[in-house]
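Shown below: entry.csv, with CSV, C-alpha atoms.
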chain,number,residue,atom,x,y,z
X,16,MET,CA,98.2,22.8,129.4
X,17,ILE,CA,95.0,24.7,128.5
X,18,LEU,CA,95.0,28.5,128.4
X,19,LYS,CA,91.8,30.7,128.3
X,20,ILE,CA,92.1,34.0,126.4
X,21,SER,CA,89.6,36.6,125.3
X,22,CYS,CA,88.8,36.7,121.6
X,23,ARG,CA,87.2,40.2,121.8
X,24,ASN,CA,90.1,42.1,120.4
X,25,VAL,CA,90.7,39.6,117.6
X,26,ILE,CA,87.1,39.7,116.5
X,27,ARG,CA,86.9,43.5,116.8
X,28,PHE,CA,89.9,43.7,114.5
X,29,LEU,CA,88.3,41.5,111.9
X,30,HIS,CA,85.0,43.3,112.2
X,31,THR,CA,86.6,46.6,111.6
X,32,HIS,CA,89.1,45.8,108.9
X,33,ASN,CA,87.4,43.2,106.7
X,34,ASN,CA,84.3,44.1,104.7
X,35,ARG,CA,83.4,40.5,104.5
X,36,PHE,CA,82.5,40.4,108.2
X,37,ARG,CA,80.3,43.5,108.0
X,38,ALA,CA,77.8,41.6,105.9
X,39,ASN,CA,76.8,39.4,108.8
X,40,THR,CA,77.6,40.9,112.2
X,41,THR,CA,75.4,38.7,114.3
X,42,PRO,CA,77.8,35.8,114.5
X,43,ILE,CA,80.7,38.2,115.2
X,44,GLN,CA,78.7,40.0,117.9
X,45,SER,CA,78.0,36.7,119.6
X,46,LEU,CA,81.7,35.9,119.6
X,47,LEU,CA,82.6,39.2,121.3
X,48,ASN,CA,81.6,37.8,124.6
X,49,ALA,CA,83.1,34.4,124.0
X,50,ASN,CA,86.3,32.9,125.3
X,51,CYS,CA,88.7,30.9,123.2
X,52,ARG,CA,90.2,27.7,124.4
X,53,VAL,CA,93.7,27.4,123.1
X,54,THR,CA,95.6,24.2,123.7
X,55,VAL,CA,99.3,24.6,124.2
X,56,THR,CA,101.4,21.5,123.9
X,57,THR,CA,104.6,21.4,125.8
X,58,ARG,CA,107.5,19.0,125.1
X,59,ASN,CA,110.2,18.0,127.6
X,60,MET,CA,113.6,19.5,127.1
X,61,VAL,CA,116.1,16.7,127.9
X,62,THR,CA,119.8,16.0,128.1
X,63,LEU,CA,121.0,13.0,126.0
X,64,ILE,CA,123.9,11.1,127.4
X,65,VAL,CA,125.4,8.6,125.0
X,66,ALA,CA,127.5,5.5,125.8
X,67,THR,CA,128.7,2.5,123.8
X,68,THR,CA,129.1,-1.0,125.2
X,69,SER,CA,132.2,-1.5,123.0
X,70,ASP,CA,134.3,0.9,125.1
X,71,PRO,CA,135.0,0.5,128.9
X,72,ALA,CA,135.7,4.2,129.2
X,73,SER,CA,132.3,4.9,127.9
X,74,ILE,CA,130.1,2.2,129.5
X,75,ASN,CA,131.7,2.2,132.9
X,76,PRO,CA,130.9,5.9,133.7
X,77,ALA,CA,127.4,5.3,132.3
X,78,ALA,CA,126.9,2.3,134.6
X,79,ALA,CA,128.2,4.3,137.6
X,80,LEU,CA,125.7,7.0,136.8
X,81,LEU,CA,122.9,4.5,136.4
X,82,ALA,CA,123.7,3.0,139.8
X,83,MET,CA,122.7,6.3,141.4
X,84,PRO,CA,119.1,6.8,142.6
X,85,GLY,CA,116.1,7.6,140.4
X,86,TRP,CA,116.7,5.8,137.1
X,87,THR,CA,114.0,3.8,135.3
X,88,ALA,CA,114.0,2.0,132.0
X,89,GLY,CA,113.1,4.2,129.0
X,90,PRO,CA,111.9,3.6,125.4
X,91,THR,CA,114.0,1.7,122.9
X,92,LEU,CA,115.5,3.7,120.2
X,93,PRO,CA,115.5,1.9,116.8
X,94,PRO,CA,116.9,-0.5,115.9
X,95,ASP,CA,117.8,-1.7,119.4
X,96,ILE,CA,119.3,1.0,121.6
X,97,LYS,CA,118.3,0.8,125.3
X,98,SER,CA,117.6,4.0,127.3
X,99,PHE,CA,117.2,5.0,130.9
X,100,THR,CA,115.5,8.1,132.3
X,101,ASN,CA,115.9,10.3,135.4
X,102,LYS,CA,114.3,13.7,135.7
X,103,GLN,CA,115.5,15.5,132.6
X,104,ALA,CA,118.4,13.1,131.8
X,105,ARG,CA,118.3,10.3,129.2
X,106,VAL,CA,121.1,7.7,128.9
X,107,ILE,CA,121.3,5.6,125.8
X,108,GLN,CA,123.6,2.7,125.2
X,109,HIS,CA,124.5,1.4,121.7
X,110,ASP,CA,127.0,-1.1,120.5
X,111,GLY,CA,128.7,0.9,117.7
X,112,SER,CA,131.4,3.4,117.4
X,113,ILE,CA,130.9,6.4,119.6
X,114,VAL,CA,132.2,8.8,116.9
X,115,LYS,CA,130.2,7.4,114.0
X,116,GLU,CA,126.6,6.9,115.2
X,117,ASP,CA,125.2,10.1,113.7
X,118,ASP,CA,122.1,12.2,114.5
X,119,LEU,CA,121.2,10.5,117.7
X,120,ASP,CA,119.6,13.7,119.0
X,121,LEU,CA,117.2,13.9,116.0
X,122,ARG,CA,116.5,10.2,116.2
X,123,TRP,CA,115.6,10.4,119.8
X,124,GLU,CA,113.3,13.4,119.2
X,125,GLU,CA,111.6,11.5,116.3
X,126,ALA,CA,111.1,8.4,118.4
X,127,THR,CA,109.9,10.0,121.7
X,128,GLY,CA,108.6,13.5,120.9
X,129,GLU,CA,111.0,15.0,123.4
X,130,VAL,CA,113.3,17.9,122.6
X,131,ILE,CA,117.0,17.4,123.1
X,132,ASP,CA,118.6,20.3,124.7
X,133,GLU,CA,122.2,19.0,124.7
X,134,VAL,CA,124.2,15.9,124.0
X,135,ILE,CA,127.0,14.4,126.2
X,136,PHE,CA,129.2,11.6,124.9
X,137,LEU,CA,131.3,9.3,127.0
X,138,SER,CA,134.4,7.9,125.4
X,139,ARG,CA,138.0,6.7,125.7
X,140,HIS,CA,140.9,9.0,125.0
X,141,THR,CA,144.1,8.0,123.3
X,142,ALA,CA,147.4,9.8,123.3
X,143,VAL,CA,150.9,9.1,122.1
X,144,SER,CA,152.2,9.8,125.6
X,145,ASN,CA,149.9,7.2,127.1
X,146,ARG,CA,149.5,9.5,130.1
X,147,PRO,CA,146.3,9.0,132.2
X,148,ALA,CA,143.9,11.9,131.6
X,149,LEU,CA,140.3,13.0,132.0
X,150,THR,CA,139.4,15.4,129.1
X,151,VAL,CA,136.5,17.6,128.0
X,152,HIS,CA,136.1,19.0,124.4
X,153,PRO,CA,133.8,20.1,121.6
X,154,ILE,CA,133.6,18.3,118.3
X,155,GLY,CA,133.8,18.9,114.6
X,156,VAL,CA,136.0,18.5,111.6
X,157,LEU,CA,136.1,22.0,110.4
X,158,HIS,CA,139.3,22.0,108.4
X,159,LEU,CA,138.5,19.2,105.9
X,160,LYS,CA,137.5,19.9,102.3
X,161,ASP,CA,134.4,18.6,100.6
X,162,GLY,CA,135.1,15.1,99.4
X,163,GLU,CA,137.6,14.3,102.1
X,164,SER,CA,136.8,11.4,104.4
X,165,PRO,CA,136.9,12.2,108.1
X,166,PRO,CA,138.8,9.4,109.8
X,167,GLN,CA,136.8,9.7,113.0
X,168,GLY,CA,133.3,10.6,112.0
X,169,GLY,CA,131.6,13.9,111.3
X,170,LYS,CA,131.6,15.6,107.9
X,171,PRO,CA,134.0,18.0,106.1
X,172,GLY,CA,133.7,21.6,107.3
X,173,TRP,CA,131.2,20.8,110.0
X,174,ALA,CA,131.3,22.0,113.6
X,175,ALA,CA,128.8,20.9,116.2
X,176,LEU,CA,127.4,23.5,118.5
X,177,PRO,CA,129.7,23.6,121.5
X,178,ASN,CA,128.0,22.7,124.8
X,179,PRO,CA,128.0,25.7,127.1
X,180,ARG,CA,128.8,23.4,130.0
X,181,ILE,CA,132.3,22.7,128.7
X,182,GLY,CA,134.0,25.5,130.7
X,183,PRO,CA,132.1,25.1,134.0
X,184,TRP,CA,132.3,21.3,133.9
X,185,PHE,CA,136.0,21.4,133.1
X,186,ARG,CA,136.6,23.4,136.3
X,187,LEU,CA,134.2,21.2,138.3
X,188,LEU,CA,135.9,18.0,136.9
X,189,LYS,CA,139.3,19.4,138.1
X,190,LYS,CA,138.0,20.0,141.6
X,191,MET,CA,136.3,16.5,141.7
X,192,ALA,CA,139.4,14.7,140.5
X,193,GLU,CA,141.6,16.4,143.1
X,194,ALA,CA,139.1,15.6,145.8
X,195,HIS,CA,139.0,11.9,144.8
X,196,GLY,CA,142.8,11.6,144.7
X,197,LEU,CA,143.1,11.2,140.9
X,198,VAL,CA,145.5,14.2,140.6
X,199,PRO,CA,148.4,14.3,139.9
X,200,GLU,CA,148.2,10.8,138.5
X,201,PHE,CA,145.6,11.9,136.0
X,202,GLU,CA,145.9,15.1,133.9
X,203,ILE,CA,142.7,17.1,133.8
X,204,THR,CA,142.6,18.9,130.5
X,205,LEU,CA,140.6,20.4,127.6
X,206,GLU,CA,141.1,19.1,124.1
X,207,ALA,CA,140.8,20.9,120.8
X,208,THR,CA,137.8,20.4,118.6
X,209,HIS,CA,138.0,17.2,116.7
X,210,HIS,CA,136.1,14.1,115.4
X,211,GLY,CA,132.4,13.2,115.1
X,212,PRO,CA,129.7,12.0,115.3
X,213,ILE,CA,127.3,14.4,113.6
X,214,THR,CA,124.9,16.1,116.0
X,215,ASN,CA,122.5,19.1,115.8
X,216,LYS,CA,122.4,20.2,119.4
X,217,PRO,CA,125.1,21.6,121.8
X,218,THR,CA,127.5,18.8,122.3
X,219,MET,CA,130.6,17.8,124.3
X,220,PHE,CA,132.7,14.7,124.9
X,221,LEU,CA,133.9,13.5,128.3
X,222,GLU,CA,136.8,11.1,128.0
X,223,ILE,CA,139.1,8.8,130.1
X,224,GLY,CA,142.6,8.1,128.8
X,225,SER,CA,144.9,7.1,127.6
X,226,THR,CA,145.4,3.3,127.6
X,227,GLU,CA,143.3,0.2,128.3
X,228,GLU,CA,144.5,0.1,131.9
X,229,TYR,CA,143.1,3.5,132.6
X,230,TRP,CA,140.0,3.1,130.4
X,231,LYS,CA,138.9,0.5,132.9
X,232,ARG,CA,139.7,2.5,136.0
X,233,GLN,CA,136.5,2.5,138.2
X,234,ASP,CA,137.6,5.5,140.2
X,235,ALA,CA,137.9,7.5,137.0
X,236,ALA,CA,134.5,6.3,135.9
X,237,GLN,CA,133.0,7.2,139.2
X,238,VAL,CA,134.3,10.8,139.0
X,239,MET,CA,132.9,11.2,135.5
X,240,ALA,CA,129.5,9.8,136.8
X,241,LEU,CA,129.6,12.3,139.7
X,242,LEU,CA,130.4,15.1,137.3
X,243,MET,CA,127.2,14.3,135.3
X,244,TRP,CA,125.1,13.7,138.5
X,245,GLU,CA,126.0,17.0,140.1
X,246,GLY,CA,126.5,19.0,136.8
X,247,LEU,CA,123.0,18.2,135.7
X,248,GLY,CA,121.5,18.8,139.1
X,249,LEU,CA,120.2,15.2,139.3
X,250,GLY,CA,121.0,15.0,143.0
X,251,GLY,CA,118.7,17.9,143.8
X,252,GLY,CA,121.3,20.8,143.7
X,253,ASP,CA,121.6,23.5,141.1
X,254,ALA,CA,122.8,22.4,137.7
X,255,VAL,CA,126.2,23.7,136.7
X,256,GLY,CA,126.8,25.5,133.4
X,257,ASN,CA,123.4,26.6,132.3
X,258,TRP,CA,123.9,29.4,129.8
X,259,ASN,CA,121.9,32.6,130.5
X,260,SER,CA,123.1,35.8,128.8
X,261,GLU,CA,120.9,37.8,131.1
X,262,THR,CA,122.8,37.0,134.3
X,263,GLY,CA,126.5,36.8,135.1
X,264,LYS,CA,129.4,37.1,132.7
X,265,ARG,CA,128.9,36.8,129.0
X,266,LYS,CA,132.4,36.4,127.7
X,267,VAL,CA,133.0,33.3,125.5
X,268,LEU,CA,136.4,32.1,124.5
X,269,LEU,CA,137.0,31.0,120.9
X,270,GLY,CA,140.4,29.4,120.9
X,271,ILE,CA,142.6,29.8,117.8
X,272,GLY,CA,146.0,28.1,117.5
X,273,GLY,CA,148.2,26.1,119.7
X,274,GLY,CA,148.5,22.4,120.4
X,275,HIS,CA,145.8,19.7,120.8
X,276,TYR,CA,145.5,20.3,124.6
X,277,ALA,CA,145.2,24.1,124.3
X,278,PRO,CA,147.4,25.0,127.2
X,279,ARG,CA,147.3,28.8,126.7
X,280,HIS,CA,143.5,28.8,126.2
X,281,MET,CA,143.1,26.5,129.2
X,282,ASP,CA,144.9,28.9,131.5
X,283,ILE,CA,142.1,31.4,130.8
X,284,VAL,CA,139.3,28.9,131.1
X,285,LEU,CA,140.5,27.9,134.6
X,286,LYS,CA,139.2,31.3,135.7
X,287,GLU,CA,135.7,31.3,137.0
X,288,ASP,CA,132.8,32.5,134.8
X,289,ILE,CA,134.7,32.0,131.5
X,290,TRP,CA,132.7,30.1,128.9
X,291,VAL,CA,134.3,28.0,126.2
X,292,GLY,CA,133.4,27.7,122.5
X,293,HIS,CA,135.4,25.9,119.9
X,294,LEU,CA,139.1,25.4,120.3
X,295,LEU,CA,141.0,25.3,117.0
X,296,SER,CA,144.4,23.7,117.2
X,297,GLY,CA,147.1,24.3,114.6
X,298,TYR,CA,146.1,21.2,112.6
X,299,SER,CA,142.6,22.6,112.2
X,300,LEU,CA,144.1,25.8,110.6
X,301,PRO,CA,145.8,24.5,107.4
X,302,MET,CA,147.6,27.5,105.9
X,303,GLU,CA,149.7,27.6,102.7
X,304,GLU,CA,152.6,30.0,102.7
X,305,PRO,CA,152.1,33.0,100.3
X,306,THR,CA,154.8,31.7,97.9
X,307,GLN,CA,152.9,28.5,97.4
X,308,THR,CA,149.8,30.2,95.9
X,309,LYS,CA,149.2,32.3,92.8
X,310,PRO,CA,148.6,35.9,93.6
X,311,ASN,CA,145.2,37.4,93.2
X,312,PRO,CA,145.3,41.2,93.5
X,313,GLY,CA,143.1,42.5,96.3
X,314,GLU,CA,142.7,39.2,98.1
X,315,ASN,CA,144.4,37.7,101.2
X,316,GLN,CA,147.0,35.4,99.6
X,317,ILE,CA,147.3,32.7,102.2
X,318,GLY,CA,145.8,29.5,100.9
X,319,GLY,CA,144.3,26.6,102.8
X,320,ASN,CA,141.1,25.9,104.7
X,321,TRP,CA,141.9,28.0,107.7
X,322,ARG,CA,139.3,30.6,106.9
X,323,GLN,CA,136.6,27.9,106.7
X,324,SER,CA,137.7,26.6,110.1
X,325,ILE,CA,137.5,29.9,111.8
X,326,LYS,CA,134.2,30.9,110.3
X,327,ALA,CA,132.5,27.6,111.1
X,328,ALA,CA,133.9,27.7,114.6
X,329,PHE,CA,132.7,31.2,115.2
X,330,GLU,CA,129.2,30.6,113.8
X,331,ALA,CA,128.7,27.5,115.8
X,332,THR,CA,129.9,29.1,119.0
X,333,LYS,CA,127.8,32.2,118.4
X,334,ALA,CA,124.7,30.0,117.9
X,335,ALA,CA,125.5,28.0,121.1
X,336,PHE,CA,125.8,31.2,123.2
X,337,PRO,CA,122.9,33.5,122.2
X,338,GLY,CA,123.6,37.0,123.5
X,339,GLY,CA,127.2,36.1,124.4
X,340,GLU,CA,130.3,38.2,123.7
X,341,ILE,CA,132.5,35.9,121.6
X,342,LEU,CA,136.2,36.8,121.9
X,343,ALA,CA,138.8,35.0,119.7
X,344,HIS,CA,141.9,34.2,121.8
X,345,LEU,CA,145.0,33.6,119.7
X,346,ASP,CA,147.9,31.4,120.9
X,347,GLN,CA,150.3,34.0,119.6
X,348,LYS,CA,153.5,32.0,120.0
X,349,SER,CA,152.2,29.1,118.0
X,350,PHE,CA,152.0,31.2,114.8
X,351,LYS,CA,154.6,32.5,112.4
X,352,GLY,CA,154.4,36.2,111.7
X,353,TRP,CA,152.7,35.8,108.3
X,354,GLN,CA,150.1,33.4,109.8
X,355,ARG,CA,149.3,35.7,112.7
X,356,LYS,CA,148.9,38.7,110.4
X,357,ALA,CA,146.6,36.8,108.0
X,358,ILE,CA,144.4,35.5,110.9
X,359,THR,CA,144.2,38.8,112.6
X,360,GLU,CA,143.2,40.5,109.3
X,361,PHE,CA,140.6,37.9,108.6
X,362,LEU,CA,139.1,38.2,112.1
X,363,ALA,CA,138.7,41.9,111.5
X,364,GLU,CA,137.1,41.3,108.1
X,365,GLU,CA,134.6,39.0,109.8
X,366,SER,CA,133.9,41.4,112.7
X,367,ILE,CA,135.2,38.8,115.2
X,368,SER,CA,136.5,40.5,118.3
X,369,VAL,CA,139.9,39.5,119.6
X,370,GLY,CA,140.6,39.2,123.3
X,371,LYS,CA,143.8,39.2,125.2
X,372,PRO,CA,144.1,37.3,128.5
X,373,ASN,CA,143.2,40.4,130.6
X,374,ASP,CA,140.1,40.9,128.5
X,375,PHE,CA,138.6,37.7,130.1
X,376,THR,CA,138.8,38.9,133.7

As a first step, turn the structure in this file into structure tokens.
Amino acid sequence: MILKISCRNVIRFLHTHNNRFRANTTPIQSLLNANCRVTVTTRNMVTLIVATTSDPASINPAAALLAMPGWTAGPTLPPDIKSFTNKQARVIQHDGSIVKEDDLDLRWEEATGEVIDEVIFLSRHTAVSNRPALTVHPIGVLHLKDGESPPQGGKPGWAALPNPRIGPWFRLLKKMAEAHGLVPEFEITLEATHHGPITNKPTMFLEIGSTEEYWKRQDAAQVMALLMWEGLGLGGGDAVGNWNSETGKRKVLLGIGGGHYAPRHMDIVLKEDIWVGHLLSGYSLPMEEPTQTKPNPGENQIGGNWRQSIKAAFEATKAAFPGGEILAHLDQKSFKGWQRKAITEFLAEESISVGKPNDFT
């Protein structure tokens, strides 16, 4: 794109404020009537959808999406990762672990010159209950200490930027699953923040669970494909979940406490116009009882990496929702009194607002 702009004001400024230009005014005078040609280079903002061929719950939804109109072969990402393009969407397929293939967003940008706006991973979900489920969640391993080895990718203390689509797509997924007869067989649920891989742009996981029988279910794969198709506006409709702090509601839930499936946070997220940041379950808030730590006068005496988790989750959520109102929502019943008191005091120290369920309406 080429823009024409007048140089007159720029040259007048130099002519007036810099004595060097007064020694020879003829060239400057000739520029006063000139126009500058400024070349503005624009780069595409794209959505990166990541699938692995090693996982049927990953590759099947990707295949169902690619069967829809408009896809063409894209560039190969080194060393040998295939890609496909459709409008602003990019699907890539690799053969490795979905949680350990790091920095795919940066690698795509370096290889193509495009700018990644968000990353969506497709994956299997496992659970002790083996219950069939379709899940959505942010990623990170915020509670681990430096030197600890994350069992499922990421790096200690790290939180990805949560994708602003998590809340709106969770609600859309629930409606789609019901319309396609997957409910009540499948549970539609959020999950707490967990695992990798390392990313640098807003990220979320879409998962099918919880056993091999369900990972291979084509009806579940089709619903996940439709979620991406409609959610990204690839079918011609409006995309779902584009964050804009200038329009609509700006309240963003930062979940603190509770179980892995965040039931009390999820009750709030099911309301329209609620946005979702990180969701910290109890295991992401390691807290040592006061009697287990040596007292340091003037300091909060509760040991453990819980402060690190909360701060990393808040900072990542704030960065993902510029201009948003971040409200920490505590699962009050999941904490003991001393835990709840310590967390509430820390939130106040960090100027993190706390919201009760009615504050999100």

I'd like a table as a Markdown table: residues in segment 166-282 of chain X with an atom no more than 12 Å from segment 122-130 of chain X, each row giving the shortest atom pair and its distance in Å to one decimal, only C-alpha atoms counted, sorted by chain and rising residue number.
| residue | atom | partner | partner_atom | distance |
| --- | --- | --- | --- | --- |
| X:Ile213 | CA | X:Arg122 | CA | 11.9 |
| X:Thr214 | CA | X:Arg122 | CA | 10.3 |
| X:Asn215 | CA | X:Arg122 | CA | 10.7 |
| X:Lys216 | CA | X:Val130 | CA | 9.9 |

Restricting the calculation to only C-alpha atoms, which member of X:Leu300, X:Ala79, X:Ile203, X:Leu159 is positioned closest to Arg146 of chain X?
->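 Closest to Arg146 of chain X, using only C-alpha atoms: X:Ile203.
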
Around the point (131.0, 9.2, 130.7) in the file's coordinates, collect all residues with an atom within 6 Å, using all atoms listed in the file, and return them as a PyMOL selection string.
-> chain X and resi 73+76-77+137+221+239

Using all atoms listed in the file, determine which residues lie at most 10 Å from Arg180 of chain X, disregarding the query and same-chain residues fewer than 6 positions distant; provide the list as a list of chain:residue names.
->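 Surrounding residues, per the criterion: X:Glu133, X:Ile135, X:Val151, X:Pro217, X:Thr218, X:Met219, X:Gly246, X:Leu247, X:Ala254, X:Val255, X:Gly256, X:Asn257, X:Trp258, X:Trp290, X:Val291, X:Gly292.
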
Atomic separation - atom CA of Leu63 of chain X relative to atom CA of Arg105 of chain X, Å =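 That distance, rounded to one decimal, is 5.0 Å.
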
In Å, with one decimal, what is the gap from atom CA of Phe361 of chain X to atom CA of Arg322 of chain X?
->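 Taking atom CA of Phe361 of chain X and atom CA of Arg322 of chain X, their separation equals 7.6 Å.
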
Residue with smallest distance to Lys189 of chain X - pool X:Met281, X:Ala235, X:Leu149, X:Leu294, counting all atoms listed in the file =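 When distances to Lys189 of chain X are compared using all atoms listed in the file, the smallest one comes from X:Leu149.
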
Give me the residues within 8 Å of Pro301 of chain X as JSON, numbers by chain, counting only C-alpha atoms and dropping any in the same chain fewer than 5 places off.
-> {"X": [158, 319, 320, 321]}

Which is closest to Val156 of chain X among X:Thr208, X:Thr62, X:Thr87, X:Asn373, if we use only C-alpha atoms?
-> X:Thr208

Taking all atoms listed in the file into account, which of X:Ile223, X:Val106, X:Asp117, X:Phe336 comes nearest Gln237 of chain X?
->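 Looking only at the distances to Gln237 of chain X, the closest residue turns out to be X:Ile223.
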
What lies within 12 Å of Tyr276 of chain X using only C-alpha atoms, ignoring chain neighbours under 4 positions off, as a list in words?
-> Ala142, Ala148, Leu149, Thr150, Val151, His152, Glu202, Ile203, Thr204, Leu205, Glu206, Ala207, Thr208, His209, Gly270, Gly272, His280, Met281, Asp282, Leu294, Leu295, Ser296, Gly297 and Asp346 of chain X

Surrounding residues of Ile317 of chain X excluding itself and chain neighbours under 5 positions, 7 Å, all atoms listed in the file, as a list of chain:residue names = X:Met302, X:Glu303, X:Glu304, X:Pro305

Length of the atom CA of Ala72 of chain X to atom CA of Arg139 of chain X vector [Å] |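 Distance between the two atoms: 4.9 Å.
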
Of the listed residues X:Gly274, X:His293, X:Leu242, X:Thr226, that which approaches Asn145 of chain X most closely, counting all atoms listed in the file |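 Closest to Asn145 of chain X of all the choices is X:Thr226.
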
Using only C-alpha atoms, determine which residues lie at most 10 Å from Val267 of chain X, disregarding the query and same-chain residues fewer than 4 positions distant; provide the list as a PyMOL selection string.
-> chain X and resi 179+182+284+288-293+332-333+336+339-344+370+375
